[in-house]
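Listing of protein-v5.txt, compact mmCIF, C-alpha atoms
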```txt
# COMPACT_ATOMS: atom_id res chain seq x y z
CA MET A 1 15.76 -1.94 -27.14
CA ILE A 2 14.72 -5.54 -26.50
CA SER A 3 13.73 -7.85 -29.29
CA GLU A 4 12.61 -11.44 -28.92
CA PRO A 5 15.39 -13.96 -29.37
CA GLU A 6 15.42 -15.68 -32.73
CA MET A 7 17.10 -18.72 -31.25
CA VAL A 8 16.49 -19.57 -27.64
CA GLY A 9 19.70 -21.55 -27.46
CA GLU A 10 21.72 -18.36 -27.95
CA PHE A 11 20.69 -16.87 -24.60
CA GLY A 12 24.19 -15.74 -23.74
CA ALA A 13 24.18 -13.17 -26.50
CA VAL A 14 20.57 -12.10 -26.03
CA GLY A 15 20.42 -12.16 -22.26
CA ALA A 16 22.75 -9.24 -21.71
CA GLY A 17 20.29 -6.98 -23.48
CA GLU A 18 17.17 -8.62 -22.09
CA VAL A 19 17.84 -8.46 -18.38
CA VAL A 20 19.81 -5.86 -16.47
CA GLY A 21 20.63 -6.69 -12.87
CA ASP A 22 20.45 -3.98 -10.23
CA PHE A 23 20.08 -5.91 -7.00
CA ASP A 24 22.58 -7.82 -4.88
CA ARG A 25 22.24 -11.50 -4.19
CA LYS A 26 21.68 -12.35 -0.55
CA PRO A 27 23.67 -15.06 1.26
CA THR A 28 22.94 -18.45 -0.20
CA GLY A 29 21.48 -21.34 1.70
CA GLY A 30 18.69 -23.89 1.79
CA PRO A 31 17.89 -26.89 -0.42
CA ARG A 32 18.89 -26.99 -4.06
CA THR A 33 15.54 -28.14 -5.43
CA ARG A 34 11.94 -28.03 -4.31
CA ARG A 35 8.66 -29.42 -5.53
CA PRO A 36 7.24 -26.89 -8.01
CA TRP A 37 3.63 -27.18 -6.89
CA LEU A 38 4.38 -26.26 -3.27
CA TRP A 39 6.57 -23.39 -4.45
CA ALA A 40 4.03 -22.13 -6.95
CA LEU A 41 1.03 -22.46 -4.66
CA GLY A 42 2.89 -20.84 -1.76
CA GLY A 43 3.87 -17.89 -3.92
CA ALA A 44 0.31 -17.60 -5.20
CA VAL A 45 -1.04 -17.32 -1.63
CA VAL A 46 1.38 -14.51 -0.75
CA ALA A 47 0.75 -12.63 -3.98
CA SER A 48 -3.02 -13.13 -3.82
CA ALA A 49 -3.22 -11.71 -0.30
CA VAL A 50 -1.35 -8.55 -1.26
CA TRP A 51 -3.03 -8.01 -4.63
CA ALA A 52 -6.52 -8.79 -3.41
CA GLY A 53 -6.06 -6.48 -0.44
CA ALA A 54 -4.97 -3.69 -2.74
CA VAL A 55 -8.50 -3.48 -4.14
CA TYR A 56 -9.75 -2.04 -0.86
CA LEU A 57 -6.78 0.06 0.19
CA HIS A 58 -7.37 2.89 -2.26
CA PRO A 59 -9.96 5.53 -1.38
CA PHE A 60 -13.24 5.75 -3.22
CA GLY A 61 -13.13 8.13 -6.13
CA ALA A 62 -9.49 7.39 -6.90
CA ARG A 63 -8.60 7.39 -10.57
CA LYS A 64 -9.04 4.00 -12.20
CA PRO A 65 -5.95 2.48 -13.79
CA ASP A 66 -5.51 2.27 -17.54
CA MET A 67 -6.26 -1.32 -18.60
CA HIS A 68 -4.39 -0.99 -21.92
CA GLY A 69 -6.98 -3.21 -23.60
CA TYR A 70 -6.48 -6.20 -21.28
CA ARG A 71 -9.52 -8.43 -20.86
CA LEU A 72 -10.00 -11.66 -18.93
CA GLU A 73 -13.37 -13.21 -19.69
CA GLU A 74 -12.28 -16.85 -19.64
CA ASP A 75 -9.39 -19.06 -18.60
CA PRO A 76 -6.43 -17.98 -20.78
CA CYS A 77 -4.25 -21.00 -20.01
CA PRO A 78 -5.49 -23.35 -22.76
CA THR A 79 -4.32 -20.81 -25.35
CA VAL A 80 -0.90 -20.16 -23.76
CA ARG A 81 1.55 -21.48 -26.33
CA LEU A 82 4.91 -21.37 -24.50
CA ARG A 83 6.70 -21.57 -27.82
CA ALA A 84 10.04 -20.22 -26.59
CA ILE A 85 10.11 -22.27 -23.40
CA GLY A 86 8.98 -25.31 -25.37
CA ALA A 87 11.88 -24.88 -27.78
CA ALA A 88 14.39 -24.36 -24.97
CA ILE A 89 13.22 -27.13 -22.61
CA ALA A 90 10.27 -29.26 -23.75
CA PRO A 91 6.86 -28.69 -25.40
CA LYS A 92 3.78 -27.89 -23.37
CA ASP A 93 1.90 -30.82 -21.90
CA GLU A 94 -1.76 -30.34 -22.85
CA THR A 95 -2.96 -32.35 -19.83
CA PRO A 96 -3.63 -29.90 -16.95
CA ARG A 97 -2.09 -30.89 -13.62
CA LEU A 98 -4.25 -28.63 -11.47
CA LYS A 99 -7.67 -27.15 -12.08
CA PRO A 100 -7.30 -23.52 -13.22
CA GLU A 101 -8.80 -20.73 -11.14
CA LEU A 102 -10.77 -17.84 -12.62
CA LEU A 103 -12.26 -14.85 -10.78
CA ASN A 104 -14.42 -12.21 -12.44
CA ASP A 105 -15.40 -9.33 -10.17
CA PRO A 106 -16.21 -5.65 -10.79
CA ALA A 107 -12.98 -4.76 -8.98
CA LEU A 108 -10.65 -7.57 -10.02
CA ASP A 109 -10.38 -10.22 -12.72
CA ARG A 110 -7.85 -12.93 -11.93
CA ALA A 111 -6.77 -16.23 -13.48
CA GLU A 112 -4.15 -18.74 -12.38
CA CYS A 113 -3.01 -22.09 -13.72
CA PHE A 114 -0.05 -24.44 -13.82
CA ILE A 115 1.25 -26.13 -16.94
CA SER A 116 3.61 -29.09 -17.10
CA LEU A 117 6.13 -29.56 -19.85
CA ARG A 118 6.24 -32.97 -21.47
CA SER A 119 8.04 -35.56 -19.42
CA PRO A 120 11.42 -36.50 -20.86
CA ALA A 121 12.03 -39.84 -22.51
CA ALA A 122 14.21 -40.92 -19.58
CA LYS A 123 11.13 -41.06 -17.39
CA LYS A 124 9.48 -43.61 -19.66
CA SER A 125 12.52 -45.67 -20.50
CA LEU A 126 13.72 -48.78 -18.70
CA GLY A 127 16.62 -48.71 -16.31
CA ASN A 128 17.73 -46.55 -13.41
CA ARG A 129 18.40 -42.92 -14.18
CA TRP A 130 17.74 -39.35 -13.15
CA TYR A 131 15.32 -37.14 -15.04
CA THR A 132 14.14 -33.56 -14.66
CA ASP A 133 10.58 -32.26 -14.80
CA TYR A 134 9.58 -28.64 -15.37
CA SER A 135 6.37 -26.75 -14.72
CA VAL A 136 5.16 -23.27 -15.67
CA GLY A 137 2.82 -21.12 -13.58
CA ILE A 138 0.69 -18.36 -15.12
CA THR A 139 -1.06 -15.65 -13.10
CA VAL A 140 -3.01 -12.73 -14.55
CA ALA A 141 -4.63 -10.09 -12.31
CA LEU A 142 -6.54 -7.13 -13.79
CA HIS A 143 -7.16 -4.40 -11.22
CA LYS A 144 -10.07 -2.42 -12.63
CA ARG A 145 -10.70 0.01 -9.76
CA SER A 146 -7.35 0.53 -8.05
CA ASP A 147 -3.79 1.15 -9.17
CA PRO A 148 -1.60 -1.85 -8.22
CA THR A 149 1.72 -0.05 -8.76
CA ALA A 150 2.59 0.48 -5.08
CA GLU A 151 1.84 -3.12 -4.18
CA PHE A 152 3.72 -4.41 -7.23
CA GLU A 153 6.87 -2.59 -6.19
CA ALA A 154 6.43 -3.60 -2.55
CA MET A 155 6.38 -7.26 -3.61
CA ARG A 156 9.70 -6.91 -5.41
CA GLY A 157 11.87 -9.73 -4.17
CA VAL A 158 9.14 -11.35 -2.05
CA THR A 159 8.53 -15.04 -2.72
CA ASP A 160 6.76 -17.91 -0.99
CA ALA A 161 9.91 -18.34 1.09
CA GLY A 162 9.32 -14.93 2.64
CA VAL A 163 10.60 -11.37 2.54
CA ASP A 164 14.19 -12.28 3.35
CA ALA A 165 14.43 -15.21 0.95
CA ASP A 166 17.62 -15.93 -0.97
CA VAL A 167 16.47 -14.43 -4.25
CA LYS A 168 18.17 -12.50 -7.02
CA VAL A 169 16.07 -9.69 -8.51
CA GLU A 170 16.86 -8.20 -11.91
CA LYS A 171 15.04 -5.35 -13.61
CA VAL A 172 13.77 -6.16 -17.10
CA PRO A 173 13.67 -3.07 -19.35
CA ASN A 174 11.16 -2.34 -22.11
CA LEU A 175 8.51 -4.72 -20.85
CA GLY A 176 5.24 -3.18 -19.69
CA ASP A 177 5.45 -0.24 -17.28
CA SER A 178 7.72 -2.19 -14.91
CA ALA A 179 9.09 -5.72 -14.91
CA TYR A 180 11.62 -7.78 -13.02
CA ALA A 181 12.91 -11.34 -12.97
CA LEU A 182 13.42 -13.33 -9.78
CA THR A 183 15.67 -16.38 -9.56
CA GLN A 184 16.44 -18.65 -6.64
CA ASP A 185 18.99 -21.38 -6.13
CA ASP A 186 16.31 -23.99 -5.53
CA GLY A 187 15.37 -24.33 -9.20
CA THR A 188 12.67 -21.64 -9.42
CA ALA A 189 12.41 -18.48 -11.47
CA GLU A 190 9.67 -15.92 -12.04
CA LEU A 191 8.99 -13.00 -14.36
CA ARG A 192 6.58 -10.32 -13.10
CA VAL A 193 5.16 -7.51 -15.23
CA LEU A 194 3.05 -4.45 -14.44
CA GLU A 195 1.21 -2.58 -17.18
CA GLY A 196 -1.46 -0.16 -16.05
CA GLY A 197 -3.91 -2.14 -13.97
CA ALA A 198 -2.60 -5.48 -15.20
CA VAL A 199 -0.18 -7.59 -13.16
CA LEU A 200 1.15 -10.71 -14.85
CA SER A 201 3.46 -13.47 -13.67
CA LEU A 202 5.15 -16.34 -15.47
CA SER A 203 7.07 -18.75 -13.27
CA LEU A 204 9.28 -21.71 -14.09
CA ALA A 205 10.18 -24.51 -11.68
CA SER A 206 12.39 -27.57 -12.08
CA TYR A 207 12.85 -30.67 -9.98
CA THR A 208 14.68 -33.95 -10.39
CA GLN A 209 13.51 -37.48 -9.76
CA TYR A 210 15.13 -40.87 -9.94
CA ASN A 211 13.56 -43.52 -12.14
CA SER A 212 14.18 -47.03 -10.85
CA ASP A 213 12.59 -50.25 -12.07
CA GLU A 214 13.77 -52.18 -9.05
CA GLY A 215 13.38 -49.60 -6.29
CA GLU A 216 17.10 -48.92 -6.24
CA VAL A 217 18.31 -45.95 -4.20
CA PRO A 218 20.58 -43.62 -6.22
CA SER A 219 24.18 -43.39 -5.16
CA ASP A 220 24.59 -39.75 -6.24
CA GLU A 221 22.63 -36.53 -5.77
CA GLY A 222 21.57 -36.30 -9.37
CA PRO A 223 21.92 -33.42 -11.82
CA ASP A 224 21.98 -29.83 -10.62
CA THR A 225 19.04 -28.00 -12.22
CA SER A 226 19.02 -25.02 -9.87
CA ASP A 227 20.24 -22.48 -12.44
CA LEU A 228 17.32 -21.39 -14.63
CA SER A 229 18.96 -18.18 -15.87
CA PRO A 230 19.55 -19.63 -19.38
CA TYR A 231 15.77 -19.65 -19.83
CA GLN A 232 15.12 -16.00 -18.95
CA SER A 233 15.01 -14.92 -22.59
CA ALA A 234 12.48 -17.66 -23.34
CA MET A 235 10.36 -16.55 -20.38
CA ILE A 236 10.42 -12.95 -21.62
CA SER A 237 9.42 -14.02 -25.12
CA ASP A 238 6.51 -16.12 -23.87
CA MET A 239 5.42 -13.32 -21.53
CA ARG A 240 5.20 -10.94 -24.49
CA ASP A 241 3.11 -13.52 -26.30
CA LEU A 242 0.79 -13.84 -23.28
CA MET A 243 0.41 -10.08 -23.00
CA ARG A 244 -0.56 -9.76 -26.68
CA SER A 245 -3.11 -12.55 -26.37
CA LEU A 246 -4.92 -10.81 -23.50
CA LYS A 247 -5.41 -7.50 -25.29
CA ARG A 248 -8.54 -6.82 -27.31
```
Would you put the structure from the file into structure tokens?
Amino acid sequence: MISEPEMVGEFGAVGAGEVVGDFDRKPTGGPRTRRPWLWALGGAVVASAVWAGAVYLHPFGARKPDMHGYRLEEDPCPTVRLRAIGAAIAPKDETPRLKPELLNDPALDRAECFISLRSPAAKKSLGNRWYTDYSVGITVALHKRSDPTAEFEAMRGVTDAGVDADVKVEKVPNLGDSAYALTQDDGTAELRVLEGGAVLSLSLASYTQYNSDEGEVPSDEGPDTSDLSPYQSAMISDMRDLMRSLKR
């Protein structure tokens, strides 16, 4: 049985119980890091097309899904705390980078936003050095007329890079009705959860930049931030917090 980690830094001990892998990694390839906004927005387009289409695929008169108390009457992102991720990486930046999106429809309620973590001190300091930025994407879709289970499972392993992307998929037990974590070697990770008619996603993206006061070109490739697996426990903890906050 999963419990939230008391200390995010001790992921090694917690992670074995949190995430159980049951899929094989595909051959590696492609760039190590990518810009998080392109990755997040690309993934949102793919997911939106499938989930939005699901509203009209089910026949009229089909049984409505159990909403388990989920409600989405306003943008939930200002109240997302990200306490575990903030402790593991950096606190939440309260300045929104992109305008959040909110849809309220008799068939589907949906919200999406992107949250930056506070820029590290290296970015603001003098001198030439590498620094790493992180961003978190939140998507909540409440399917009030159709059961999204089939589409949720069909999207397993599908990312903005496509169906055959180099992605590792791991099943996450004891979280909603079904949940799995996706990680890629380009510095992106995502946690997806299905519970009744609710489909939730929490994504994490990292990218490195070089800070130069004199326009100097770096002589090395910078730090490797492609492995986000140490933060899976923090993502699970913050997902649980998000799920609780959306239930009335």
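Minimum distance to A:Ala198 across A:Asp133, A:Asp177, A:Asp238, A:Glu101 (counting all atoms listed in the file) occurs at A:Asp177.
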For this session: Kindly indicate which residue among A:Glu151, A:Glu190, A:Glu112, A:Asp93 lies nearest to A:Pro76, using all atoms listed in the file for the distances.
Result: A:Glu112
Exercise. Quick one, how far is atom CA of A:Val217 from atom CA of A:Tyr131?
Worked result: 14.3 Å
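Picture a line from atom CA of A:Ser119 to atom CA of A:Asp220; it runs 21.6 Å.
For the atom pair formed by atom CA of A:Trp130 and atom CA of A:Ser233, the distance is 26.3 Å, given to one decimal.
For A:Leu228, the set of protein, DNA and RNA residues having any atom at most 8 Å away, when counting all atoms listed in the file and skipping those fewer than 6 positions along the same chain, is A:Thr183, A:Gly187, A:Thr188, A:Ala189.
With only C-alpha atoms as the atoms that count, the minimum distance from A:Val158 to the choices A:Ala141, A:Val136, A:Ala181, A:Met235 is reached by A:Ala181.
Minimum distance to A:Pro223 across A:Ala107, A:Val167, A:Tyr207, A:Ile236 (counting only C-alpha atoms) occurs at A:Tyr207.
Using all atoms listed in the file, the smallest distance between any of A:Asn174, A:Asp109, A:Ser135, A:Gly196 and A:Asp66 comes from A:Gly196.
Within the 10 Å cut-off around A:Leu82, using only C-alpha atoms and omitting residues fewer than 2 positions from it on the same chain, the listed residues are Thr79, Val80, Ala84, Ile85, Gly86, Ala87, Ala88, Ala90, Pro91, Lys92, Ile115, Leu117, Val136, Ala234, Met235, Ser237, Asp238, Met239, Asp241 and Leu242 of chain A.
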Atoms to include: C-alpha atoms. Write the selected residues as a compact mmCIF listing (two decimals), in the coordinates of the input.
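Heads up, here's the output in again_7.txt:
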```txt
# COMPACT_ATOMS: atom_id res chain seq x y z
CA THR A 79 -4.32 -20.81 -25.35
CA VAL A 80 -0.90 -20.16 -23.76
CA ALA A 84 10.04 -20.22 -26.59
CA ILE A 85 10.11 -22.27 -23.40
CA GLY A 86 8.98 -25.31 -25.37
CA ALA A 87 11.88 -24.88 -27.78
CA ALA A 88 14.39 -24.36 -24.97
CA ALA A 90 10.27 -29.26 -23.75
CA PRO A 91 6.86 -28.69 -25.40
CA LYS A 92 3.78 -27.89 -23.37
CA ILE A 115 1.25 -26.13 -16.94
CA LEU A 117 6.13 -29.56 -19.85
CA VAL A 136 5.16 -23.27 -15.67
CA ALA A 234 12.48 -17.66 -23.34
CA MET A 235 10.36 -16.55 -20.38
CA SER A 237 9.42 -14.02 -25.12
CA ASP A 238 6.51 -16.12 -23.87
CA MET A 239 5.42 -13.32 -21.53
CA ASP A 241 3.11 -13.52 -26.30
CA LEU A 242 0.79 -13.84 -23.28
```
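The list of residues with at least one atom within 12 Å of A:Arg248, based on only C-alpha atoms and without residues fewer than 2 positions apart in the same chain, reads A:Met67, A:His68, A:Gly69, A:Tyr70, A:Arg71, A:Leu72, A:Glu73, A:Met243, A:Arg244, A:Ser245, A:Leu246.
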For this session: Compare A:Arg110, A:Arg240, A:Arg118, A:Arg129 by their minimum atom-to-atom distance to A:Glu216, counting all atoms listed in the file, and give me the closest one.
Result: A:Arg129
